[in-house]
$ cat target_31.pdb   # PDB, C-alpha atoms
ATOM      1  CA  MET A   1     175.571  55.025  10.751
ATOM      2  CA  ARG A   2     178.146  54.960   8.001
ATOM      3  CA  ARG A   3     179.109  51.614   6.543
ATOM      4  CA  SER A   4     182.526  50.094   7.076
ATOM      5  CA  ILE A   5     183.969  48.029   4.265
ATOM      6  CA  LEU A   6     185.667  44.670   4.463
ATOM      7  CA  VAL A   7     185.061  41.875   2.000
ATOM      8  CA  LEU A   8     185.541  38.507   3.689
ATOM      9  CA  THR A   9     184.654  36.463   0.657
ATOM     10  CA  ALA A  10     187.785  37.225  -1.306
ATOM     11  CA  ALA A  11     189.663  34.218  -2.591
ATOM     12  CA  MET A  12     192.437  32.776  -0.476
ATOM     13  CA  THR A  13     194.802  30.416  -2.259
ATOM     14  CA  PHE A  14     197.282  28.006  -0.715
ATOM     15  CA  VAL A  15     200.365  26.298  -2.078
ATOM     16  CA  GLY A  16     201.496  23.476   0.144
ATOM     17  CA  CYS A  17     204.929  22.684  -1.183
ATOM     18  CA  LEU A  18     206.327  25.929  -2.493
ATOM     19  CA  VAL A  19     209.820  26.807  -1.255
ATOM     20  CA  PHE A  20     211.720  29.912  -2.334
ATOM     21  CA  ALA A  21     215.453  29.383  -2.500
ATOM     22  CA  VAL A  22     217.638  32.151  -1.107
ATOM     23  CA  PRO A  23     220.382  33.732  -3.195
ATOM     24  CA  GLY A  24     223.221  35.259  -1.163
ATOM     25  CA  GLY A  25     222.860  37.684   1.704
ATOM     26  CA  ALA A  26     220.187  36.013   3.802
ATOM     27  CA  THR A  27     219.115  38.080   6.792
ATOM     28  CA  ASP A  28     217.900  35.194   8.969
ATOM     29  CA  ARG A  29     220.384  35.621  11.804
ATOM     30  CA  ASN A  30     219.384  32.415  13.603
ATOM     31  CA  GLY A  31     220.809  30.157  10.948
ATOM     32  CA  GLY A  32     219.833  26.532  10.627
ATOM     33  CA  ASN A  33     216.389  24.971  10.428
ATOM     34  CA  ASP A  34     213.816  27.359  11.925
ATOM     35  CA  CYS A  35     211.484  24.404  12.567
ATOM     36  CA  LEU A  36     214.046  22.972  14.998
ATOM     37  CA  ILE A  37     215.329  26.159  16.647
ATOM     38  CA  LEU A  38     213.626  27.969  19.514
ATOM     39  CA  PRO A  39     214.316  31.607  18.551
ATOM     40  CA  SER A  40     213.907  34.677  20.655
ATOM     41  CA  VAL A  41     210.860  36.825  20.096
ATOM     42  CA  ASP A  42     209.963  38.606  16.854
ATOM     43  CA  TRP A  43     209.093  42.331  17.041
ATOM     44  CA  GLY A  44     207.470  44.868  14.720
ATOM     45  CA  ASP A  45     209.692  47.294  12.820
ATOM     46  CA  ALA A  46     207.675  50.348  11.724
ATOM     47  CA  PRO A  47     209.177  53.796  12.462
ATOM     48  CA  GLU A  48     208.679  55.088  15.993
ATOM     49  CA  GLY A  49     210.313  58.289  17.223
ATOM     50  CA  VAL A  50     212.040  58.792  13.845
ATOM     51  CA  LEU A  51     210.747  60.012  10.497
ATOM     52  CA  ALA A  52     208.138  57.778   8.899
ATOM     53  CA  TYR A  53     207.627  60.173   5.988
ATOM     54  CA  PRO A  54     209.311  63.479   5.171
ATOM     55  CA  GLY A  55     208.311  65.847   7.978
ATOM     56  CA  VAL A  56     206.225  63.239   9.864
ATOM     57  CA  ILE A  57     207.507  61.390  12.943
ATOM     58  CA  GLY A  58     206.378  57.781  13.196
ATOM     59  CA  LYS A  59     204.147  56.924  16.139
ATOM     60  CA  PHE A  60     203.740  53.242  15.329
ATOM     61  CA  PRO A  61     203.980  50.707  18.219
ATOM     62  CA  THR A  62     207.444  49.201  17.805
ATOM     63  CA  CYS A  63     209.949  50.017  20.585
ATOM     64  CA  ARG A  64     209.592  48.818  24.173
ATOM     65  CA  GLN A  65     210.004  52.374  25.480
ATOM     66  CA  MET A  66     209.586  55.417  23.248
ATOM     67  CA  ASN A  67     206.767  57.548  24.774
ATOM     68  CA  VAL A  68     205.165  59.081  21.704
ATOM     69  CA  VAL A  69     201.410  59.455  21.262
ATOM     70  CA  GLY A  70     199.345  59.215  18.097
ATOM     71  CA  THR A  71     195.952  60.737  17.398
ATOM     72  CA  ARG A  72     192.571  59.317  16.422
ATOM     73  CA  GLU A  73     190.542  60.889  13.629
ATOM     74  CA  LEU A  74     187.099  59.368  13.116
ATOM     75  CA  PRO A  75     184.470  60.962  10.868
ATOM     76  CA  ALA A  76     180.939  61.106  12.224
ATOM     77  CA  GLY A  77     179.237  57.772  11.814
ATOM     78  CA  CYS A  78     182.429  55.674  11.707
ATOM     79  CA  LEU A  79     182.544  53.671  14.927
ATOM     80  CA  PRO A  80     186.013  53.094  16.436
ATOM     81  CA  ARG A  81     187.728  49.768  15.833
ATOM     82  CA  SER A  82     190.380  50.371  18.504
ATOM     83  CA  THR A  83     190.631  51.973  21.910
ATOM     84  CA  PHE A  84     191.605  55.638  22.238
ATOM     85  CA  PRO A  85     195.382  56.010  21.748
ATOM     86  CA  GLY A  86     197.795  56.650  24.558
ATOM     87  CA  ILE A  87     201.575  56.289  24.776
ATOM     88  CA  THR A  88     202.674  53.887  22.066
ATOM     89  CA  GLY A  89     203.466  50.330  23.053
ATOM     90  CA  HIS A  90     204.955  47.465  21.074
ATOM     91  CA  ILE A  91     204.172  44.063  19.621
ATOM     92  CA  PHE A  92     206.205  40.901  19.924
ATOM     93  CA  HIS A  93     205.690  37.198  19.359
ATOM     94  CA  ARG A  94     206.851  34.403  21.629
ATOM     95  CA  PRO A  95     207.789  31.079  20.015
ATOM     96  CA  THR A  96     205.330  28.244  20.375
ATOM     97  CA  PRO A  97     206.661  25.827  23.011
ATOM     98  CA  THR A  98     205.951  22.815  20.769
ATOM     99  CA  LEU A  99     208.369  24.069  18.062
ATOM    100  CA  LEU A 100     205.462  23.994  15.584
ATOM    101  CA  HIS A 101     206.443  27.475  14.464
ATOM    102  CA  TYR A 102     204.803  29.456  11.689
ATOM    103  CA  TRP A 103     205.793  32.782  10.206
ATOM    104  CA  LEU A 104     205.478  35.193   7.298
ATOM    105  CA  GLY A 105     207.616  34.360   4.291
ATOM    106  CA  CYS A 106     208.772  31.017   2.935
ATOM    107  CA  TYR A 107     212.412  30.520   2.076
ATOM    108  CA  SER A 108     215.112  27.888   2.440
ATOM    109  CA  ASP A 109     218.800  28.221   3.249
ATOM    110  CA  PRO A 110     221.526  26.739   0.994
ATOM    111  CA  LEU A 111     220.939  23.341   2.663
ATOM    112  CA  GLY A 112     217.236  23.440   1.870
ATOM    113  CA  GLN A 113     216.207  24.068   5.484
ATOM    114  CA  PRO A 114     213.214  26.367   6.167
ATOM    115  CA  MET A 115     214.174  29.849   7.300
ATOM    116  CA  GLY A 116     212.697  33.303   7.831
ATOM    117  CA  LEU A 117     211.789  33.484  11.544
ATOM    118  CA  ASP A 118     214.405  35.877  12.859
ATOM    119  CA  ALA A 119     215.489  36.477  16.443
ATOM    120  CA  ASP A 120     214.939  40.066  17.622
ATOM    121  CA  PHE A 121     216.036  41.578  20.914
ATOM    122  CA  GLU A 122     213.638  44.457  20.186
ATOM    123  CA  GLY A 123     212.151  46.283  17.197
ATOM    124  CA  LYS A 124     214.670  46.793  14.396
ATOM    125  CA  VAL A 125     214.147  50.248  12.889
ATOM    126  CA  ASN A 126     216.023  53.498  12.398
ATOM    127  CA  GLN A 127     215.993  56.525  10.118
ATOM    128  CA  PRO A 128     218.271  57.379   8.441
ATOM    129  CA  ALA A 129     219.637  53.868   8.166
ATOM    130  CA  GLN A 130     222.850  53.407  10.133
ATOM    131  CA  GLY A 131     223.033  49.678  10.812
ATOM    132  CA  SER A 132     221.523  49.653  14.308
ATOM    133  CA  SER A 133     218.070  50.067  15.804
ATOM    134  CA  VAL A 134     216.783  53.228  17.469
ATOM    135  CA  CYS A 135     214.870  50.963  19.876
ATOM    136  CA  ALA A 136     218.011  49.296  21.226
ATOM    137  CA  ASN A 137     221.601  49.049  20.144
ATOM    138  CA  GLU A 138     220.927  45.980  18.019
ATOM    139  CA  ALA A 139     222.190  45.337  14.515
ATOM    140  CA  THR A 140     219.523  45.649  11.839
ATOM    141  CA  ASP A 141     219.248  43.305   8.879
ATOM    142  CA  CYS A 142     218.600  45.392   5.766
ATOM    143  CA  ILE A 143     217.987  48.902   4.444
ATOM    144  CA  GLU A 144     214.618  49.929   3.016
ATOM    145  CA  ALA A 145     214.551  53.002   0.754
ATOM    146  CA  ALA A 146     211.213  54.819   0.445
ATOM    147  CA  TYR A 147     209.853  58.381   0.225
ATOM    148  CA  GLY A 148     213.357  59.737  -0.338
ATOM    149  CA  LEU A 149     214.425  58.297   3.055
ATOM    150  CA  THR A 150     216.326  55.208   4.197
ATOM    151  CA  PHE A 151     215.178  52.924   7.014
ATOM    152  CA  ASP A 152     216.927  50.207   8.991
ATOM    153  CA  GLN A 153     214.648  47.157   9.103
ATOM    154  CA  ASP A 154     214.379  43.478  10.012
ATOM    155  CA  GLU A 155     212.972  42.491   6.627
ATOM    156  CA  CYS A 156     212.846  44.608   3.470
ATOM    157  CA  THR A 157     210.579  44.562   0.432
ATOM    158  CA  ALA A 158     211.420  41.566  -1.801
ATOM    159  CA  ASP A 159     214.603  40.746   0.132
ATOM    160  CA  HIS A 160     214.304  37.082  -0.974
ATOM    161  CA  SER A 161     215.196  35.805   2.470
ATOM    162  CA  ASP A 162     212.756  37.060   5.101
ATOM    163  CA  ALA A 163     209.958  39.215   3.648
ATOM    164  CA  GLY A 164     206.531  37.583   3.612
ATOM    165  CA  VAL A 165     204.593  40.198   1.633
ATOM    166  CA  THR A 166     204.759  39.467  -2.084
ATOM    167  CA  SER A 167     202.328  42.004  -3.577
ATOM    168  CA  SER A 168     203.184  45.535  -4.623
ATOM    169  CA  LEU A 169     201.993  47.784  -1.793
ATOM    170  CA  GLU A 170     200.515  50.378  -4.126
ATOM    171  CA  PHE A 171     196.871  51.174  -3.447
ATOM    172  CA  SER A 172     194.340  53.516  -5.062
ATOM    173  CA  THR A 173     192.137  56.057  -3.299
ATOM    174  CA  CYS A 174     188.603  54.883  -2.480
ATOM    175  CA  GLN A 175     189.236  51.566  -4.220
ATOM    176  CA  LEU A 176     189.544  48.044  -2.889
ATOM    177  CA  GLY A 177     192.993  46.889  -1.841
ATOM    178  CA  SER A 178     194.422  43.588  -0.656
ATOM    179  CA  VAL A 179     197.771  42.137   0.440
ATOM    180  CA  SER A 180     199.362  38.952  -0.889
ATOM    181  CA  PHE A 181     201.868  37.120   1.297
ATOM    182  CA  THR A 182     203.541  33.773   1.842
ATOM    183  CA  THR A 183     203.683  31.717   5.020
ATOM    184  CA  SER A 184     205.715  28.893   6.520
ATOM    185  CA  SER A 185     204.357  26.349   8.978
ATOM    186  CA  CYS A 186     206.216  23.546  10.708
ATOM    187  CA  ALA A 187     202.981  21.703  11.551
ATOM    188  CA  ALA A 188     202.093  18.563   9.612
ATOM    189  CA  GLU A 189     198.514  19.714   8.992
ATOM    190  CA  PRO A 190     196.827  23.004   8.017
ATOM    191  CA  ARG A 191     196.240  25.314  10.957
ATOM    192  CA  VAL A 192     193.983  28.273  11.706
ATOM    193  CA  VAL A 193     195.733  31.531  12.638
ATOM    194  CA  ILE A 194     194.571  35.142  13.046
ATOM    195  CA  LEU A 195     195.346  37.799  10.415
ATOM    196  CA  ASN A 196     195.522  41.554  11.110
ATOM    197  CA  ILE A 197     196.463  44.324   8.656
ATOM    198  CA  LEU A 198     197.012  48.049   9.369
ATOM    199  CA  LEU A 199     197.480  50.772   6.735
ATOM    200  CA  ASP A 200     198.195  54.447   7.485
ATOM    201  CA  MET A 201     195.654  55.970   5.094
ATOM    202  CA  ASN A 202     195.958  59.625   6.144
ATOM    203  CA  HIS A 203     199.782  59.597   6.394
ATOM    204  CA  ASP A 204     200.005  60.985   9.934
ATOM    205  CA  GLY A 205     202.316  58.300  11.310
ATOM    206  CA  ASP A 206     199.796  56.176  13.213
ATOM    207  CA  TRP A 207     197.111  53.529  12.556
ATOM    208  CA  ASN A 208     194.230  54.871  14.655
ATOM    209  CA  ASP A 209     192.051  56.591  12.075
ATOM    210  CA  ALA A 210     189.254  56.214   9.542
ATOM    211  CA  GLN A 211     188.241  58.258   6.517
ATOM    212  CA  ILE A 212     185.154  58.610   4.326
ATOM    213  CA  CYS A 213     184.822  57.589   0.723
ATOM    214  CA  GLU A 214     181.723  59.374  -0.488
ATOM    215  CA  PRO A 215     178.927  59.165  -0.036
ATOM    216  CA  ASP A 216     179.078  57.250   3.251
ATOM    217  CA  LEU A 217     181.647  54.437   3.250
ATOM    218  CA  CYS A 218     184.129  54.155   6.156
ATOM    219  CA  ALA A 219     187.701  53.238   5.250
ATOM    220  CA  TYR A 220     189.496  52.062   8.408
ATOM    221  CA  GLU A 221     193.240  52.037   8.975
ATOM    222  CA  TRP A 222     192.689  48.791  10.893
ATOM    223  CA  ALA A 223     191.866  47.332   7.508
ATOM    224  CA  VAL A 224     191.622  43.647   8.463
ATOM    225  CA  LYS A 225     190.741  42.927  12.094
ATOM    226  CA  ASN A 226     191.148  39.506  13.754
ATOM    227  CA  LEU A 227     190.267  37.409  10.719
ATOM    228  CA  PRO A 228     190.758  33.619  11.108
ATOM    229  CA  ILE A 229     192.537  32.152   8.080
ATOM    230  CA  THR A 230     193.909  28.693   7.371
ATOM    231  CA  ILE A 231     197.565  28.301   6.444
ATOM    232  CA  PRO A 232     198.816  25.006   5.015
ATOM    233  CA  ALA A 233     201.644  22.824   6.248
ATOM    234  CA  GLY A 234     204.943  23.874   4.718
ATOM    235  CA  CYS A 235     204.709  26.900   2.452
ATOM    236  CA  GLY A 236     201.553  28.798   1.575
ATOM    237  CA  ALA A 237     200.594  31.676  -0.713
ATOM    238  CA  ILE A 238     197.626  33.748   0.490
ATOM    239  CA  THR A 239     195.760  36.862  -0.612
ATOM    240  CA  SER A 240     193.957  38.794   2.109
ATOM    241  CA  PRO A 241     190.315  39.815   1.867
ATOM    242  CA  SER A 242     189.725  43.124   0.116
ATOM    243  CA  PHE A 243     189.401  46.322   2.147
ATOM    244  CA  LEU A 244     188.478  49.891   1.258
ATOM    245  CA  VAL A 245     191.385  52.333   0.967
ATOM    246  CA  GLY A 246     190.860  55.940   2.072
ATOM    247  CA  PRO A 247     190.581  59.029  -0.147
ATOM    248  CA  ALA A 248     193.968  60.662   0.584
ATOM    249  CA  PRO A 249     196.877  59.848  -1.752
ATOM    250  CA  GLY A 250     200.329  59.665  -0.198
ATOM    251  CA  PRO A 251     202.862  57.459   1.612
ATOM    252  CA  SER A 252     201.548  54.735   3.892
ATOM    253  CA  TRP A 253     203.270  52.277   6.244
ATOM    254  CA  LEU A 254     201.612  48.846   6.455
ATOM    255  CA  ARG A 255     201.731  46.251   9.251
ATOM    256  CA  ILE A 256     200.704  42.621   8.866
ATOM    257  CA  SER A 257     200.537  40.182  11.799
ATOM    258  CA  LEU A 258     199.781  36.490  12.215
ATOM    259  CA  THR A 259     199.011  35.263  15.748
ATOM    260  CA  ASP A 260     197.546  32.228  17.500
ATOM    261  CA  THR A 261     194.807  34.268  19.156
ATOM    262  CA  PRO A 262     192.966  37.511  18.319
ATOM    263  CA  VAL A 263     194.824  40.725  19.113
ATOM    264  CA  VAL A 264     193.318  43.129  21.639
ATOM    265  CA  ASP A 265     191.699  46.452  20.770
ATOM    266  CA  ASN A 266     194.804  48.566  21.455
ATOM    267  CA  TYR A 267     196.708  46.741  18.700
ATOM    268  CA  PRO A 268     196.977  49.764  16.315
ATOM    269  CA  TRP A 269     198.670  52.055  18.877
ATOM    270  CA  ALA A 270     199.937  49.824  21.706
ATOM    271  CA  GLY A 271     200.566  46.617  19.806
ATOM    272  CA  GLY A 272     198.555  44.654  22.336
ATOM    273  CA  ALA A 273     201.618  42.750  23.479
ATOM    274  CA  GLY A 274     201.862  43.985  27.050
ATOM    275  CA  GLU A 275     204.598  42.145  28.907
ATOM    276  CA  THR A 276     203.753  38.673  27.639
ATOM    277  CA  GLY A 277     203.445  39.102  23.886
ATOM    278  CA  TYR A 278     201.550  36.857  21.497
ATOM    279  CA  GLU A 279     202.278  33.186  21.164
ATOM    280  CA  GLY A 280     203.232  32.126  17.660
ATOM    281  CA  GLY A 281     203.372  33.979  14.388
ATOM    282  CA  GLU A 282     205.194  37.091  13.233
ATOM    283  CA  THR A 283     204.707  40.798  12.459
ATOM    284  CA  GLU A 284     206.191  42.535   9.423
ATOM    285  CA  ASP A 285     206.095  46.235   8.455
ATOM    286  CA  TYR A 286     206.575  47.785   5.006
ATOM    287  CA  PRO A 287     206.354  51.197   3.322
ATOM    288  CA  GLY A 288     203.586  51.468   0.739
ATOM    289  CA  MET A 289     201.911  54.156  -1.346
ATOM    290  CA  ILE A 290     198.331  55.268  -1.989
ATOM    291  CA  GLN A 291     197.872  56.669  -5.482
ATOM    292  CA  GLN A 292     195.117  58.959  -6.711
ATOM    293  CA  ALA A 293     192.627  56.738  -8.482
ATOM    294  CA  VAL A 294     191.410  57.499 -11.960
ATOM    295  CA  PRO A 295     187.804  58.676 -11.511
ATOM    296  CA  ALA A 296     185.390  55.798 -12.019
ATOM    297  CA  ALA A 297     182.307  56.031 -14.171
ATOM    298  CA  PRO A 298     179.105  56.323 -12.077
ATOM    299  CA  SER A 299     178.044  52.813 -13.044
ATOM    300  CA  SER A 300     181.386  51.371 -11.885
ATOM    301  CA  TRP A 301     181.245  53.126  -8.502
ATOM    302  CA  GLY A 302     177.688  51.928  -8.037
ATOM    303  CA  SER A 303     178.841  48.357  -8.573
ATOM    304  CA  VAL A 304     181.539  48.742  -5.928
ATOM    305  CA  LYS A 305     179.060  50.116  -3.384
ATOM    306  CA  ALA A 306     176.639  47.279  -4.094
ATOM    307  CA  ILE A 307     179.204  44.770  -2.871
ATOM    308  CA  TYR A 308     179.036  46.190   0.660
ATOM    309  CA  ARG A 309     175.351  46.734   1.162
TER     310      ARG A 309
END

$ encode --input "target_31.pdb" --output "structure tokens"
Amino acid sequence: MRRSILVLTAAMTFVGCLVFAVPGGATDRNGGNDCLILPSVDWGDAPEGVLAYPGVIGKFPTCRQMNVVGTRELPAGCLPRSTFPGITGHIFHRPTPTLLHYWLGCYSDPLGQPMGLDADFEGKVNQPAQGSSVCANEATDCIEAAYGLTFDQDECTADHSDAGVTSSLEFSTCQLGSVSFTTSSCAAEPRVVILNILLDMNHDGDWNDAQICEPDLCAYEWAVKNLPITIPAGCGAITSPSFLVGPAPGPSWLRISLTDTPVVDNYPWAGGAGETGYEGGETEDYPGMIQQAVPAAPSSWGSVKAIYR
């Protein structure tokens, strides 16, 4: 059996009182204090039924009804992390009934009130960007430019008002990658939530696959699966555990989700939401890039492999 790679001992750092002020142009459409408002659900926003990359239609689970189907490519010896893909589904998050919300990103409005948990009627995505979602006729919040394309989105890279991911989403082939992000929590004490990260490592527009980094290491597109992490009260800054990136350079959409409970095994292609969604948390989607790594010296590669034995 080939070995899958996920380092769960990577450092996670927390900052309990960090608040990022928002310059103009905030995209939090709820307005007001998001710890006191019961918003509608949050949805994912990766491309579905439109171009994800030049010449590649996105088959990521975003829209309520789209009816596209991804594929699953698993090398021999790499056991599946998800169920076999069918018609794409969607993911959404219901607000916690106690108003002890938490979400990705940590920002404050001009009055110093916490913000960043937006209200979505459905997934907010389109390509080319035109100001409304392909999922439903709903206004989108920002325009993301990547791969020579433009995308309508809910949050955009470094938008300073909504985006939770703070690291550059540039990865290297057959090297360890990680994702840094901020969080907000309205609870008075630290809380345990579930982290999931997906990365399209073979650039085919879905998150169902795995690849081999020689000689026998499995790099899974479900890069971080149902990992409990602790987020602090107020604002937090966290770096995910390291995961192995696949051998194919190219464009790569990433999804990151925080939920109260573990996601189900159809999460990469159906979102796992069903008709009830997940309670608490948020999902955010971003374009990234996998670069060709500079070849490592044999001694360096041996050290990397030793970490996972």

$ closest_residue --input "target_31.pdb" --among "A:Gly272, A:Pro295, A:Gly281, A:Pro128" --to "A:His90" --atoms "only C-alpha atoms"
A:Gly272

$ resolve_selection --input "target_31.pdb" --expression "the PyMOL selection byres ((chain A and resi 268) around 12)" --output "PyMOL selection string"
chain A and resi 44+46+59-62+69-72+80-91+196-200+205-209+220-225+254-257+263-267+269-273

$ closest_residue --input "target_31.pdb" --among "A:Thr140, A:Gln175, A:Asn33, A:Ser184" --to "A:Gly112" --atoms "all atoms listed in the file"
A:Asn33

$ resolve_selection --input "target_31.pdb" --expression "the PyMOL selection byres ((chain A and resi 177) around 7)" --output "PDB file with C-alpha atoms, in the frame of the given file"
ATOM      1  CA  PHE A 171     196.871  51.174  -3.447  1.00  0.00           C
ATOM      2  CA  GLN A 175     189.236  51.566  -4.220  1.00  0.00           C
ATOM      3  CA  LEU A 176     189.544  48.044  -2.889  1.00  0.00           C
ATOM      4  CA  SER A 178     194.422  43.588  -0.656  1.00  0.00           C
ATOM      5  CA  SER A 242     189.725  43.124   0.116  1.00  0.00           C
ATOM      6  CA  PHE A 243     189.401  46.322   2.147  1.00  0.00           C
ATOM      7  CA  LEU A 244     188.478  49.891   1.258  1.00  0.00           C
ATOM      8  CA  VAL A 245     191.385  52.333   0.967  1.00  0.00           C
TER       9      VAL A 245
END

$ resolve_selection --input "target_31.pdb" --expression "the PyMOL selection byres ((chain A and resi 286) around 8)" --output "PDB file with C-alpha atoms, in the coordinates of the input"
ATOM      1  CA  ALA A  46     207.675  50.348  11.724  1.00  0.00           C
ATOM      2  CA  CYS A 156     212.846  44.608   3.470  1.00  0.00           C
ATOM      3  CA  THR A 157     210.579  44.562   0.432  1.00  0.00           C
ATOM      4  CA  TRP A 253     203.270  52.277   6.244  1.00  0.00           C
ATOM      5  CA  LEU A 254     201.612  48.846   6.455  1.00  0.00           C
ATOM      6  CA  ARG A 255     201.731  46.251   9.251  1.00  0.00           C
ATOM      7  CA  GLU A 284     206.191  42.535   9.423  1.00  0.00           C
ATOM      8  CA  ASP A 285     206.095  46.235   8.455  1.00  0.00           C
ATOM      9  CA  PRO A 287     206.354  51.197   3.322  1.00  0.00           C
ATOM     10  CA  GLY A 288     203.586  51.468   0.739  1.00  0.00           C
TER      11      GLY A 288
END

$ closest_residue --input "target_31.pdb" --among "A:Ser108, A:Thr150, A:Gln113, A:Ala293" --to "A:Gln130" --atoms "all atoms listed in the file"
A:Thr150

$ closest_residue --input "target_31.pdb" --among "A:Pro228, A:Pro251, A:Gly246, A:Gly234" --to "A:Trp103" --atoms "all atoms listed in the file"
A:Gly234

$ atom_distance --input "target_31.pdb" --atom1 "atom CA of A:Ile143" --atom2 "atom CA of A:Asn126"
9.4 Å

$ atom_distance --input "target_31.pdb" --atom1 "atom CA of A:Ser133" --atom2 "atom CA of A:Ser252"
20.9 Å

$ atom_distance --input "target_31.pdb" --atom1 "atom CA of A:Gln153" --atom2 "atom CA of A:Pro249"
24.4 Å

$ closest_residue --input "target_31.pdb" --among "A:Ser167, A:Ser161, A:Ser172, A:Thr183" --to "A:Glu282" --atoms "only C-alpha atoms"
A:Thr183

$ closest_residue --input "target_31.pdb" --among "A:Thr166, A:Thr276, A:Asn137, A:Gln127" --to "A:Leu149" --atoms "only C-alpha atoms"
A:Gln127

$ build_atoms --input "target_31.pdb" --residues "stretch 185-191 of chain A" --atoms "all heavy atoms" --output "PDB file, in the frame of the given file"
ATOM      1  N   SER A 185     204.876  27.021   7.785  1.00  0.00           N
ATOM      2  CA  SER A 185     204.357  26.349   8.978  1.00  0.00           C
ATOM      3  C   SER A 185     205.073  25.027   9.161  1.00  0.00           C
ATOM      4  O   SER A 185     205.221  24.246   8.220  1.00  0.00           O
ATOM      5  CB  SER A 185     202.851  26.113   8.853  1.00  0.00           C
ATOM      6  OG  SER A 185     202.374  25.373   9.958  1.00  0.00           O
ATOM      7  N   CYS A 186     205.514  24.791  10.384  1.00  0.00           N
ATOM      8  CA  CYS A 186     206.216  23.546  10.708  1.00  0.00           C
ATOM      9  C   CYS A 186     205.265  22.425  11.103  1.00  0.00           C
ATOM     10  O   CYS A 186     205.701  21.305  11.343  1.00  0.00           O
ATOM     11  CB  CYS A 186     207.209  23.798  11.841  1.00  0.00           C
ATOM     12  SG  CYS A 186     208.410  25.106  11.491  1.00  0.00           S
ATOM     13  N   ALA A 187     203.962  22.726  11.206  1.00  0.00           N
ATOM     14  CA  ALA A 187     202.981  21.703  11.551  1.00  0.00           C
ATOM     15  C   ALA A 187     202.769  20.763  10.366  1.00  0.00           C
ATOM     16  O   ALA A 187     202.986  21.128   9.213  1.00  0.00           O
ATOM     17  CB  ALA A 187     201.659  22.356  11.952  1.00  0.00           C
ATOM     18  N   ALA A 188     202.322  19.556  10.660  1.00  0.00           N
ATOM     19  CA  ALA A 188     202.093  18.563   9.612  1.00  0.00           C
ATOM     20  C   ALA A 188     200.754  18.743   8.924  1.00  0.00           C
ATOM     21  O   ALA A 188     200.525  18.179   7.848  1.00  0.00           O
ATOM     22  CB  ALA A 188     202.183  17.156  10.202  1.00  0.00           C
ATOM     23  N   GLU A 189     199.856  19.508   9.527  1.00  0.00           N
ATOM     24  CA  GLU A 189     198.514  19.714   8.992  1.00  0.00           C
ATOM     25  C   GLU A 189     198.231  21.210   8.862  1.00  0.00           C
ATOM     26  O   GLU A 189     198.892  22.037   9.495  1.00  0.00           O
ATOM     27  CB  GLU A 189     197.461  19.079   9.919  1.00  0.00           C
ATOM     28  CG  GLU A 189     197.644  17.593  10.162  1.00  0.00           C
ATOM     29  CD  GLU A 189     197.372  16.758   8.923  1.00  0.00           C
ATOM     30  OE1 GLU A 189     196.644  17.261   8.026  1.00  0.00           O
ATOM     31  OE2 GLU A 189     197.883  15.629   8.843  1.00  0.00           O
ATOM     32  N   PRO A 190     197.235  21.600   8.047  1.00  0.00           N
ATOM     33  CA  PRO A 190     196.827  23.004   8.017  1.00  0.00           C
ATOM     34  C   PRO A 190     196.420  23.481   9.408  1.00  0.00           C
ATOM     35  O   PRO A 190     195.973  22.693  10.244  1.00  0.00           O
ATOM     36  CB  PRO A 190     195.631  23.002   7.055  1.00  0.00           C
ATOM     37  CG  PRO A 190     195.836  21.798   6.196  1.00  0.00           C
ATOM     38  CD  PRO A 190     196.473  20.770   7.087  1.00  0.00           C
ATOM     39  N   ARG A 191     196.584  24.770   9.655  1.00  0.00           N
ATOM     40  CA  ARG A 191     196.240  25.314  10.957  1.00  0.00           C
ATOM     41  C   ARG A 191     195.540  26.656  10.777  1.00  0.00           C
ATOM     42  O   ARG A 191     195.773  27.368   9.798  1.00  0.00           O
ATOM     43  CB  ARG A 191     197.488  25.475  11.825  1.00  0.00           C
ATOM     44  CG  ARG A 191     198.471  26.497  11.310  1.00  0.00           C
ATOM     45  CD  ARG A 191     199.802  26.445  12.032  1.00  0.00           C
ATOM     46  NE  ARG A 191     199.681  26.688  13.449  1.00  0.00           N
ATOM     47  CZ  ARG A 191     200.651  26.437  14.328  1.00  0.00           C
ATOM     48  NH1 ARG A 191     201.801  25.908  13.906  1.00  0.00           N
ATOM     49  NH2 ARG A 191     200.485  26.693  15.600  1.00  0.00           N
TER      50      ARG A 191
END
